[in-house]
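K.L.:
The following file, model-v2.csv, comprises CSV, C-alpha atoms and all ligand atoms:
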chain,number,residue,atom,x,y,z
R,168,MET,CA,-26.6,8.0,-17.0
R,169,ARG,CA,-23.8,10.6,-16.8
R,170,ALA,CA,-20.2,9.5,-17.1
R,171,ILE,CA,-16.9,11.1,-17.5
R,172,ARG,CA,-14.8,10.1,-20.6
R,173,LEU,CA,-11.5,11.0,-22.1
R,174,HIS,CA,-11.1,11.1,-25.9
R,175,GLN,CA,-7.6,12.3,-26.0
R,176,TYR,CA,-4.7,12.5,-23.5
R,177,GLY,CA,-4.0,16.0,-22.2
R,178,ALA,CA,-5.1,18.6,-19.8
R,179,PRO,CA,-7.8,18.0,-17.1
R,180,GLU,CA,-10.4,19.8,-19.4
R,181,GLU,CA,-10.2,16.7,-21.7
R,182,LEU,CA,-12.3,14.9,-19.1
R,183,ARG,CA,-15.9,15.3,-20.6
R,184,LEU,CA,-19.3,14.7,-19.0
R,185,GLU,CA,-21.3,12.5,-21.4
R,186,GLN,CA,-24.6,10.6,-21.5
R,187,LEU,CA,-24.1,6.9,-21.8
R,188,PRO,CA,-26.4,3.9,-21.4
R,189,ASP,CA,-26.4,2.2,-18.0
R,190,PRO,CA,-23.9,-0.7,-17.8
R,191,VAL,CA,-25.6,-4.1,-17.7
R,192,PRO,CA,-24.3,-6.4,-15.0
R,193,GLY,CA,-23.0,-9.8,-16.3
R,194,PRO,CA,-22.8,-13.0,-14.2
R,195,GLY,CA,-21.0,-12.3,-11.0
R,196,GLN,CA,-21.5,-8.5,-11.3
R,197,LEU,CA,-23.4,-5.9,-9.5
R,198,LEU,CA,-24.8,-2.6,-10.8
R,199,VAL,CA,-24.3,0.2,-8.3
R,200,ASP,CA,-25.9,3.6,-8.0
R,201,VAL,CA,-22.7,5.5,-7.3
R,202,GLU,CA,-22.8,7.8,-4.2
R,203,ALA,CA,-19.1,8.5,-4.3
R,204,ALA,CA,-16.2,7.7,-6.7
R,205,GLY,CA,-12.5,7.9,-5.8
R,206,VAL,CA,-10.0,9.9,-7.8
R,207,GLN,CA,-6.6,8.3,-7.9
R,208,PHE,CA,-3.4,10.2,-8.3
R,209,VAL,CA,-2.3,7.8,-11.0
R,210,GLU,CA,-5.5,8.7,-13.0
R,211,THR,CA,-4.1,12.2,-13.4
R,212,GLN,CA,-0.9,10.7,-14.8
R,213,ILE,CA,-2.9,8.4,-17.2
R,214,ARG,CA,-5.1,11.3,-18.3
R,215,ALA,CA,-2.0,13.4,-19.1
R,216,GLY,CA,-0.7,10.6,-21.3
R,217,ARG,CA,2.3,9.9,-19.0
R,218,MET,CA,1.5,6.2,-18.6
R,219,ALA,CA,1.7,5.4,-22.3
R,220,GLY,CA,3.4,2.1,-22.9
R,221,THR,CA,2.8,0.8,-19.3
R,222,PRO,CA,0.2,-1.7,-18.2
R,223,LEU,CA,-1.7,1.2,-16.6
R,224,ALA,CA,-2.5,2.9,-19.9
R,225,PRO,CA,-6.0,2.3,-21.2
R,226,ALA,CA,-6.1,-0.3,-24.1
R,227,ALA,CA,-8.0,2.3,-26.2
R,228,LEU,CA,-9.7,5.7,-26.1
R,229,PRO,CA,-12.2,6.9,-25.2
R,230,TRP,CA,-11.3,6.0,-21.6
R,231,ALA,CA,-13.9,6.1,-18.8
R,232,PRO,CA,-11.8,6.6,-15.7
R,233,GLY,CA,-12.6,5.5,-12.1
R,234,ARG,CA,-11.6,2.4,-10.2
R,235,GLU,CA,-13.2,3.1,-6.8
R,236,VAL,CA,-16.9,3.4,-6.2
R,237,GLY,CA,-19.4,3.1,-3.4
R,238,GLY,CA,-23.2,3.2,-3.4
R,239,ARG,CA,-26.3,1.1,-3.4
R,240,VAL,CA,-26.8,-2.0,-5.5
R,241,VAL,CA,-29.6,-1.6,-8.0
R,242,ALA,CA,-29.2,-4.8,-10.0
R,243,VAL,CA,-27.4,-8.1,-10.0
R,244,GLY,CA,-26.2,-10.2,-12.9
R,245,SER,CA,-27.8,-13.5,-13.8
R,246,GLY,CA,-27.4,-16.1,-11.0
R,247,GLY,CA,-26.5,-13.3,-8.5
R,248,ASP,CA,-27.9,-12.8,-5.0
R,249,ALA,CA,-30.9,-10.6,-5.4
R,250,ALA,CA,-30.8,-9.9,-1.6
R,251,LEU,CA,-27.9,-7.5,-2.4
R,252,ILE,CA,-30.2,-5.1,-4.1
R,253,GLY,CA,-30.6,-2.0,-1.9
R,254,ARG,CA,-27.5,-2.8,0.1
R,255,ARG,CA,-24.6,-0.3,0.4
R,256,VAL,CA,-21.3,-1.6,-1.0
R,257,ALA,CA,-17.9,-0.3,-2.0
R,258,GLY,CA,-15.3,-1.8,-4.2
R,259,GLN,CA,-12.9,-1.5,-7.2
R,260,THR,CA,-14.5,-1.6,-10.6
R,261,PRO,CA,-13.4,-4.5,-12.8
R,262,SER,CA,-12.5,-2.2,-15.7
R,263,ASP,CA,-12.7,1.5,-14.8
R,264,GLY,CA,-15.9,3.5,-15.4
R,265,GLY,CA,-16.2,4.7,-11.8
R,266,TYR,CA,-16.6,8.4,-12.6
R,267,ALA,CA,-20.3,7.9,-13.4
R,268,ASP,CA,-23.8,7.8,-12.0
R,269,ARG,CA,-23.7,4.0,-12.3
R,270,ALA,CA,-20.9,1.5,-12.3
R,271,LEU,CA,-20.3,-2.3,-12.2
R,272,LEU,CA,-18.6,-4.1,-9.4
R,273,ALA,CA,-17.5,-7.8,-9.3
R,274,ALA,CA,-19.8,-9.2,-6.5
R,275,ALA,CA,-16.8,-11.1,-5.1
R,276,ASP,CA,-14.9,-7.8,-4.7
R,277,ALA,CA,-17.7,-5.7,-3.2
R,278,HIS,CA,-17.5,-4.9,0.5
R,279,LEU,CA,-20.8,-4.7,2.3
R,280,LEU,CA,-20.7,-1.5,4.4
R,281,PRO,CA,-21.8,-1.3,8.0
R,282,ASP,CA,-24.1,1.6,9.0
R,283,SER,CA,-21.2,3.1,10.9
R,284,VAL,CA,-19.1,3.6,7.8
R,285,GLU,CA,-20.2,6.5,5.5
R,286,THR,CA,-20.0,5.7,1.8
R,287,GLY,CA,-17.4,8.4,0.9
R,288,ASP,CA,-15.2,7.3,3.8
R,289,ALA,CA,-15.4,3.7,2.6
R,290,VAL,CA,-14.4,4.8,-1.0
R,291,SER,CA,-11.5,6.8,0.4
R,292,LEU,CA,-10.1,3.5,1.7
R,293,LEU,CA,-10.3,1.3,-1.3
R,294,GLY,CA,-7.0,1.8,-3.2
R,295,THR,CA,-5.4,3.8,-0.4
R,296,GLY,CA,-6.4,1.6,2.5
R,297,ARG,CA,-5.2,-1.7,0.9
R,298,THR,CA,-2.0,0.0,-0.1
R,299,ALA,CA,-1.3,1.4,3.4
R,300,VAL,CA,-2.1,-2.0,5.1
R,301,ALA,CA,0.1,-3.8,2.5
R,302,LEU,CA,3.0,-1.3,3.1
R,303,VAL,CA,2.9,-1.7,6.9
R,304,GLU,CA,2.9,-5.5,6.4
R,305,THR,CA,5.7,-5.5,3.8
R,306,SER,CA,7.9,-3.2,5.8
R,307,ALA,CA,7.1,-5.2,8.9
R,308,ILE,CA,6.8,-2.1,11.0
R,309,GLY,CA,7.1,-2.8,14.7
R,310,PRO,CA,8.3,-1.5,18.1
R,311,GLY,CA,11.6,0.2,17.7
R,312,ASP,CA,11.1,1.4,14.2
R,313,THR,CA,11.6,5.0,13.1
R,314,VAL,CA,9.4,5.4,10.1
R,315,LEU,CA,9.7,8.1,7.4
R,316,VAL,CA,6.5,8.8,5.4
R,317,GLU,CA,6.6,11.0,2.2
R,318,SER,CA,3.6,13.1,1.1
R,319,ALA,CA,2.3,12.3,4.6
R,320,ALA,CA,-0.8,14.5,4.3
R,321,GLY,CA,-1.8,12.7,1.1
R,322,ALA,CA,-4.4,9.9,0.7
R,323,VAL,CA,-2.1,7.0,1.4
R,324,GLY,CA,0.2,9.0,3.7
R,325,ALA,CA,-2.6,10.0,6.1
R,326,LEU,CA,-3.4,6.3,6.7
R,327,LEU,CA,0.3,5.3,6.9
R,328,LEU,CA,0.9,7.7,9.7
R,329,GLN,CA,-1.9,6.1,11.7
R,330,LEU,CA,-1.2,2.5,10.8
R,331,ALA,CA,2.5,2.8,11.6
R,332,ARG,CA,1.5,4.1,15.1
R,333,THR,CA,-0.9,1.2,15.6
R,334,ALA,CA,1.9,-1.2,14.5
R,335,GLY,CA,4.0,0.2,17.3
R,336,ALA,CA,6.5,2.4,15.6
R,337,ALA,CA,8.7,4.2,18.1
R,338,ARG,CA,9.0,7.4,16.0
R,339,ILE,CA,7.2,8.6,12.9
R,340,VAL,CA,8.5,11.4,10.7
R,341,GLY,CA,6.0,12.8,8.2
R,342,LEU,CA,7.2,14.8,5.1
R,343,ALA,CA,4.9,17.3,3.3
R,344,ARG,CA,4.9,20.7,1.7
R,345,GLY,CA,3.5,23.8,3.4
R,346,LYS,CA,2.3,24.7,6.8
R,347,ALA,CA,-1.3,23.5,6.5
R,348,LYS,CA,-0.2,20.0,5.5
R,349,LEU,CA,2.5,19.9,8.2
R,350,ASP,CA,-0.1,20.8,10.9
R,351,LEU,CA,-2.3,18.0,9.6
R,352,VAL,CA,0.6,15.5,9.6
R,353,ARG,CA,1.2,16.3,13.3
R,354,GLU,CA,-2.5,16.0,14.0
R,355,LEU,CA,-2.5,12.6,12.4
R,356,GLY,CA,0.1,11.4,14.9
R,357,ALA,CA,3.6,12.1,13.4
R,358,ASP,CA,6.2,12.9,16.0
R,359,ALA,CA,7.8,15.3,13.6
R,360,ALA,CA,6.5,17.0,10.5
R,361,ILE,CA,9.1,18.3,8.0
R,362,ASP,CA,8.8,20.4,4.9
R,363,TYR,CA,10.7,18.5,2.1
R,364,SER,CA,10.3,21.4,-0.3
R,365,LEU,CA,12.7,23.5,1.7
R,366,PRO,CA,16.5,23.3,1.6
R,367,GLY,CA,18.2,21.4,4.4
R,368,TRP,CA,15.1,19.2,5.1
R,369,THR,CA,17.3,16.0,5.3
R,370,ASP,CA,19.3,17.6,8.1
R,371,GLN,CA,16.0,18.2,9.9
R,372,VAL,CA,15.1,14.6,9.6
R,373,ARG,CA,18.5,13.5,11.0
R,374,ALA,CA,17.9,15.9,13.9
R,375,ALA,CA,14.4,14.6,14.5
R,376,ALA,CA,15.5,10.9,14.3
R,377,PRO,CA,19.1,10.8,15.6
R,378,GLU,CA,18.9,7.0,15.9
R,379,GLY,CA,18.4,6.8,12.1
R,380,VAL,CA,15.4,5.9,9.9
R,381,THR,CA,14.7,2.2,9.8
R,382,VAL,CA,11.7,2.2,7.4
R,383,ALA,CA,11.1,4.7,4.5
R,384,LEU,CA,7.8,4.6,2.6
R,385,ASP,CA,8.3,6.2,-0.8
R,386,GLY,CA,5.2,7.4,-2.7
R,387,VAL,CA,7.0,10.4,-4.4
R,388,GLY,CA,10.1,8.9,-6.0
R,389,GLY,CA,12.6,11.0,-7.9
R,390,GLU,CA,14.9,13.1,-5.8
R,391,ILE,CA,12.7,13.0,-2.7
R,392,GLY,CA,12.6,9.2,-2.8
R,393,ARG,CA,16.4,9.0,-3.3
R,394,ALA,CA,17.0,11.3,-0.3
R,395,ALA,CA,14.7,9.2,1.8
R,396,PHE,CA,16.7,6.1,0.7
R,397,ASP,CA,19.9,7.9,1.7
R,398,LEU,CA,18.5,8.7,5.1
R,399,LEU,CA,18.0,5.0,6.0
R,400,ALA,CA,20.2,3.5,8.7
R,401,ASP,CA,22.2,0.4,7.7
R,402,GLY,CA,19.8,-2.6,7.7
R,403,GLY,CA,16.8,-0.4,7.0
R,404,ARG,CA,13.8,-1.2,4.8
R,405,PHE,CA,12.7,0.9,1.8
R,406,VAL,CA,9.3,0.3,0.2
R,407,ALA,CA,8.4,2.2,-3.0
R,408,PHE,CA,4.8,2.4,-3.9
R,409,GLY,CA,4.4,5.5,-6.1
R,410,PHE,CA,6.1,8.2,-8.1
R,411,SER,CA,4.0,11.4,-7.8
R,412,SER,CA,7.2,13.3,-8.9
R,413,GLY,CA,7.0,11.5,-12.2
R,414,ASP,CA,10.2,9.4,-11.6
R,415,ILE,CA,10.7,6.3,-9.7
R,416,THR,CA,13.5,6.2,-7.1
R,417,ARG,CA,16.8,4.9,-8.5
R,418,THR,CA,18.9,2.7,-6.4
R,419,ALA,CA,21.8,0.3,-7.3
R,420,PRO,CA,22.0,-3.3,-6.1
R,421,GLU,CA,25.5,-2.8,-4.8
R,422,GLU,CA,24.6,0.0,-2.4
R,423,VAL,CA,21.6,-2.0,-1.2
R,424,ALA,CA,24.0,-4.9,-0.5
R,425,ASP,CA,26.7,-2.7,1.1
R,426,ARG,CA,24.2,-1.2,3.5
R,427,GLN,CA,22.3,-4.4,4.2
R,428,LEU,CA,19.1,-2.7,3.1
R,429,THR,CA,15.8,-4.4,2.1
R,430,VAL,CA,14.2,-2.8,-0.9
R,431,SER,CA,10.8,-3.8,-2.1
R,432,SER,CA,7.9,-2.3,-4.0
R,433,TYR,CA,4.1,-2.3,-4.1
R,434,PHE,CA,3.8,-1.9,-7.9
R,435,GLY,CA,3.3,-4.2,-10.8
R,436,PRO,CA,1.7,-7.5,-11.5
R,437,PRO,CA,-1.3,-8.8,-9.4
R,438,THR,CA,0.6,-11.5,-7.5
R,439,GLY,CA,1.7,-12.0,-3.9
R,440,ASN,CA,0.6,-9.1,-1.7
R,441,ARG,CA,-0.9,-7.4,-4.7
R,442,GLY,CA,-3.0,-10.4,-5.7
R,443,PRO,CA,-6.8,-10.2,-5.7
R,444,ALA,CA,-7.2,-12.2,-2.5
R,445,ALA,CA,-4.5,-10.2,-0.7
R,446,GLN,CA,-6.0,-6.9,-1.8
R,447,ARG,CA,-9.5,-7.9,-0.8
R,448,ARG,CA,-8.2,-8.8,2.7
R,449,GLN,CA,-6.2,-5.6,3.0
R,450,THR,CA,-9.2,-3.5,2.0
R,451,ALA,CA,-11.4,-5.4,4.4
R,452,GLU,CA,-8.9,-4.7,7.2
R,453,ALA,CA,-8.8,-1.0,6.5
R,454,LEU,CA,-12.6,-0.9,6.5
R,455,ALA,CA,-12.8,-2.8,9.7
R,456,ALA,CA,-10.3,-0.5,11.3
R,457,VAL,CA,-12.5,2.5,10.4
R,458,ALA,CA,-15.7,0.7,11.6
R,459,GLU,CA,-14.0,0.0,14.9
R,460,GLY,CA,-12.7,3.5,15.3
R,461,ARG,CA,-9.0,2.5,15.0
R,462,LEU,CA,-8.4,4.4,11.8
R,463,ARG,CA,-9.6,7.8,10.8
R,464,PRO,CA,-10.4,8.2,7.1
R,465,LEU,CA,-9.4,11.5,5.6
R,466,VAL,CA,-11.5,12.8,2.8
R,467,GLY,CA,-10.1,16.2,1.7
R,468,ARG,CA,-12.4,17.5,-1.0
R,469,ARG,CA,-15.7,16.3,-2.6
R,470,PHE,CA,-16.3,17.6,-6.2
R,471,PRO,CA,-19.5,17.2,-8.2
R,472,LEU,CA,-19.2,14.5,-10.9
R,473,ALA,CA,-19.4,17.1,-13.6
R,474,ASP,CA,-16.3,18.8,-12.1
R,475,ALA,CA,-13.9,15.9,-12.6
R,476,ALA,CA,-11.5,18.2,-14.4
R,477,ALA,CA,-11.4,20.5,-11.3
R,478,ALA,CA,-10.6,17.5,-9.1
R,479,HIS,CA,-7.7,16.5,-11.4
R,480,THR,CA,-6.4,20.1,-11.4
R,481,ALA,CA,-6.5,20.2,-7.6
R,482,ILE,CA,-4.6,16.9,-7.2
R,483,GLU,CA,-2.0,17.9,-9.8
R,484,SER,CA,-1.4,21.3,-8.2
R,485,ARG,CA,-0.7,19.5,-4.9
R,486,GLU,CA,-3.6,21.4,-3.2
R,487,THR,CA,-5.4,18.3,-1.9
R,488,VAL,CA,-5.0,16.5,1.4
R,489,GLY,CA,-6.3,13.0,2.0
R,490,LYS,CA,-8.6,11.5,-0.6
R,491,THR,CA,-10.4,13.4,-3.3
R,492,LEU,CA,-13.9,12.2,-4.2
R,493,LEU,CA,-16.5,12.8,-7.0
R,494,ILE,CA,-20.1,12.9,-6.0
R,495,PRO,CA,-22.7,12.1,-8.7
H,501,LIG,N1,1.2,1.0,-5.8
H,501,LIG,C1,-0.1,1.1,-5.6
H,501,LIG,O1,-0.9,0.2,-5.6
H,501,LIG,C2,-0.6,2.5,-5.2
H,501,LIG,C3,-1.8,2.7,-4.6
H,501,LIG,C4,-2.2,4.0,-4.2
H,501,LIG,C5,-1.4,5.1,-4.5
H,501,LIG,N2,-0.2,4.8,-5.2
H,501,LIG,C6,0.7,6.0,-5.5
H,501,LIG,O2,1.2,6.5,-4.3
H,501,LIG,C7,1.4,7.9,-4.5
H,501,LIG,C8,0.5,8.6,-3.4
H,501,LIG,O3,-0.8,8.4,-3.7
H,501,LIG,P1,-1.9,9.3,-3.0
H,501,LIG,O4,-3.2,8.9,-3.6
H,501,LIG,O5,-1.7,9.2,-1.6
H,501,LIG,O6,-1.5,10.7,-3.5
H,501,LIG,P2,-1.4,12.0,-2.6
H,501,LIG,O7,-0.2,11.8,-1.7
H,501,LIG,O8,-2.7,12.3,-2.0
H,501,LIG,O9,-1.0,13.1,-3.7
H,501,LIG,C9,0.3,13.3,-4.2
H,501,LIG,C10,1.1,14.2,-3.3
H,501,LIG,O10,2.5,13.9,-3.6
H,501,LIG,C11,3.2,15.0,-3.2
H,501,LIG,N3,4.2,15.4,-4.3
H,501,LIG,C12,5.5,15.5,-4.1
H,501,LIG,N4,6.1,15.8,-5.2
H,501,LIG,C13,5.1,16.0,-6.1
H,501,LIG,C14,5.1,16.4,-7.5
H,501,LIG,N5,6.3,16.6,-8.2
H,501,LIG,N6,4.0,16.5,-8.2
H,501,LIG,C15,2.8,16.2,-7.5
H,501,LIG,N7,2.7,15.8,-6.2
H,501,LIG,C16,3.9,15.7,-5.5
H,501,LIG,C17,2.2,16.2,-3.0
H,501,LIG,O11,2.1,16.4,-1.6
H,501,LIG,P3,3.0,17.6,-1.0
H,501,LIG,O12,2.5,18.9,-1.6
H,501,LIG,O13,2.9,17.5,0.5
H,501,LIG,O14,4.4,17.3,-1.5
H,501,LIG,C18,0.9,15.6,-3.5
H,501,LIG,O15,-0.2,16.2,-2.8
H,501,LIG,C19,0.9,8.3,-5.9
H,501,LIG,O16,2.1,8.3,-6.7
H,501,LIG,C20,0.0,7.1,-6.3
H,501,LIG,O17,0.0,6.9,-7.7
H,501,LIG,C21,0.2,3.6,-5.5
Using structure tokens, write down the structure that the file contains.
Ligand SMILES: NC(=O)c1ccc[n+]([C@@H]2O[C@H](COP(=O)([O-])OP(=O)(O)OC[C@H]3O[C@@H](n4cnc5c(N)ncnc54)[C@H](OP(=O)(O)O)[C@@H]3O)[C@@H](O)[C@H]2O)c1
P.N.:
Amino acid sequence: MRAIRLHQYGAPEELRLEQLPDPVPGPGQLLVDVEAAGVQFVETQIRAGRMAGTPLAPAALPWAPGREVGGRVVAVGSGGDAALIGRRVAGQTPSDGGYADRALLAAADAHLLPDSVETGDAVSLLGTGRTAVALVETSAIGPGDTVLVESAAGAVGALLLQLARTAGAARIVGLARGKAKLDLVRELGADAAIDYSLPGWTDQVRAAAPEGVTVALDGVGGEIGRAAFDLLADGGRFVAFGFSSGDITRTAPEEVADRQLTVSSYFGPPTGNRGPAAQRRQTAEALAAVAEGRLRPLVGRRFPLADAAAAHTAIESRETVGKTLLIP
């Protein structure tokens, strides 16, 4: 089969298309003929070598990236349910290797797809859907909330705008860069769309949400995340889940206490609402919402598998909206 591998950290061009033997499913595993593989923002950071020393860095090179796949089951490991062969599933790979013609899934983590959900749409909801569901739960968005969403035209952001609305938010302010993304943010349901690459954007948020921001969802970190934190009204909730800028948002315990804020994160160890059972449920909820027409998946671009480097370049240059997929 064809698979993408990385032999040294660096530019997108380090992602090479290679021929490898098909993986062999072990007990409890499925072998899937991949129809679509998700490209995660964090994979661009890992590839560039920026995650060295963190649990996200591969244990060794070469690294075969790819955590999100969907496609048809072609084999099951010993003791597995042969009736799954031929069924369409999507799920997170147990240990990367998703940018490939074939990939393994843990049977317990594979979601059977209804006919109404296209494989690429399902893949677009794996890491992002569970994250968006978890963030809305963690921040307990409800009626009366004014929600601020960063990189709102992005893969997670596009879902957050919609889920915050479903949860009853009174006002949603989406932040993004450039007119095309701002138009999309409005189309996805934001009451206001503001360009956070322009000076004075925080004043625009204050004008759009005079009652104050009660929930800030931070996927960018750095100065943007910090400005979002500063925009929170007293008693507000801040949830950090990403650092596309390269830096996490810095806050001090005393300012959190002084303003009676709640600060939480959706990072780190697989416990609590990041544990396997919670993530499986969150993903299932996102898939069900799409199947029932309550959530619109947003796939931005689909690249051929061989063009994985171009997919990484597009994500890094902030050209993409929604989820980026590789199609074998
Ligand atoms: N904790 C988790 O389990 C989890 C799960 C999924 C994703 N994440 C993280 O959440 C963040 C969003 O993920 P996503 O897949 O939805 O990505 P994304 O939003 O589709 O892409 C990143 C976006 O961030 C914005 N951005 C702002 N400053 C940037 C900078 N300095 N460099 C690059 N991009 C910048 C860009 O949008 P604009 O051009 O509009 O600014 C860019 O398009 C990522 O950091 C990701 O790693 C975490």
K.L.:
Please identify the residues whose atoms come within 6 Å of ligand LIG 501 (chain H), using only C-alpha atoms and all ligand atoms, and report them as a list of chain:residue names.
P.N.:
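Residues lying within 6 Å of ligand LIG 501 (chain H): R:Gln207, R:Phe208, R:Val209, R:Gly294, R:Thr295, R:Thr298, R:Ser318, R:Gly321, R:Ala322, R:Val323, R:Gly324, R:Ala343, R:Arg344, R:Gly386, R:Val387, R:Phe408, R:Gly409, R:Phe410, R:Ser411, R:Ser412, R:Tyr433, R:Phe434, R:Glu483, R:Arg485, R:Thr487, R:Val488, R:Gly489.
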K.L.:
In the coordinates of the file, take the point (-25.6, -14.8, -9.5) and a cut-off of 10 Å; then, counting all atoms listed in the file, name each qualifying protein, DNA or RNA residue as a ChimeraX atom specification.
P.N.:
/R:193-197,243-249,274
K.L.:
From the options R:Gly435, R:Gln427, R:Ile494, R:Leu472, which residue's atoms come nearest to R:Gly238, counting only C-alpha atoms?
P.N.:
R:Ile494
K.L.:
What's around R:Glu210 at 10 Å? Count only C-alpha atoms, leave out sequence neighbours fewer than 3 positions away in its own chain, and write the answer as a PyMOL selection string.
P.N.:
chain R and resi 206-207+213-218+223-224+232-234+479
K.L.:
Go through R:Glu421, R:Glu378, R:Asp414, R:Asp474 and flag the residue nearest R:Ala170, using only C-alpha atoms for the distances.
P.N.:
R:Asp474
K.L.:
Between R:Ala203, R:Leu280, R:Ala231, R:Ala360, which has the minimum distance to R:Ala451 (counting only C-alpha atoms)?
P.N.:
R:Leu280
K.L.:
Residues proximal to (-20.1, 15.5, 2.6) were defined as those with any atom within 10 Å of that point in the file's coordinates, counting only C-alpha atoms. Which are they, as a ChimeraX atom specification?
P.N.:
/R:203,285-288,466,468-470,492,494
K.L.:
For a quick check of understanding, using all atoms listed in the file, which of R:Ala478, R:Leu251, R:Val284, R:Leu398 has the smallest distance to R:Val199?
P.N.:
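Residue with the minimum atom-to-atom distance to R:Val199: R:Leu251.
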K.L.:
Restricting the calculation to only C-alpha atoms, which member of R:Pro471, R:Ala299, R:Leu315, R:Gly442 is positioned closest to R:Ala394?
P.N.:
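When distances to R:Ala394 are compared using only C-alpha atoms, the smallest one comes from R:Leu315.
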K.L.:
Got a sec: who's within 8 Å of R:Arg332, counting all atoms listed in the file, leaving out chain neighbours fewer than 5 positions off, as a list in words?
P.N.:
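Final neighbour list, sorted by chain and number: Ala337, Ile339 and Gly356 of chain R.
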K.L.:
Can you work out which one of R:Gly220, R:Gly439, R:Gly367, R:Gly309 has the shortest atom-to-atom distance to R:Thr381, counting all atoms listed in the file?
P.N.:
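Checking each candidate against R:Thr381, we get R:Gly309 as the closest.
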K.L.:
Atom CA of R:Arg255 to atom CA of R:Arg183: how many Å, to one decimal?
P.N.:
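For atom CA of R:Arg255 relative to atom CA of R:Arg183, the distance reads 27.6 Å.
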K.L.:
Please compute the atom CA of R:Leu187-atom CA of R:His174 distance, one decimal, in Å.
P.N.:
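Answer for the atom CA of R:Leu187 to atom CA of R:His174 separation: 14.3 Å.
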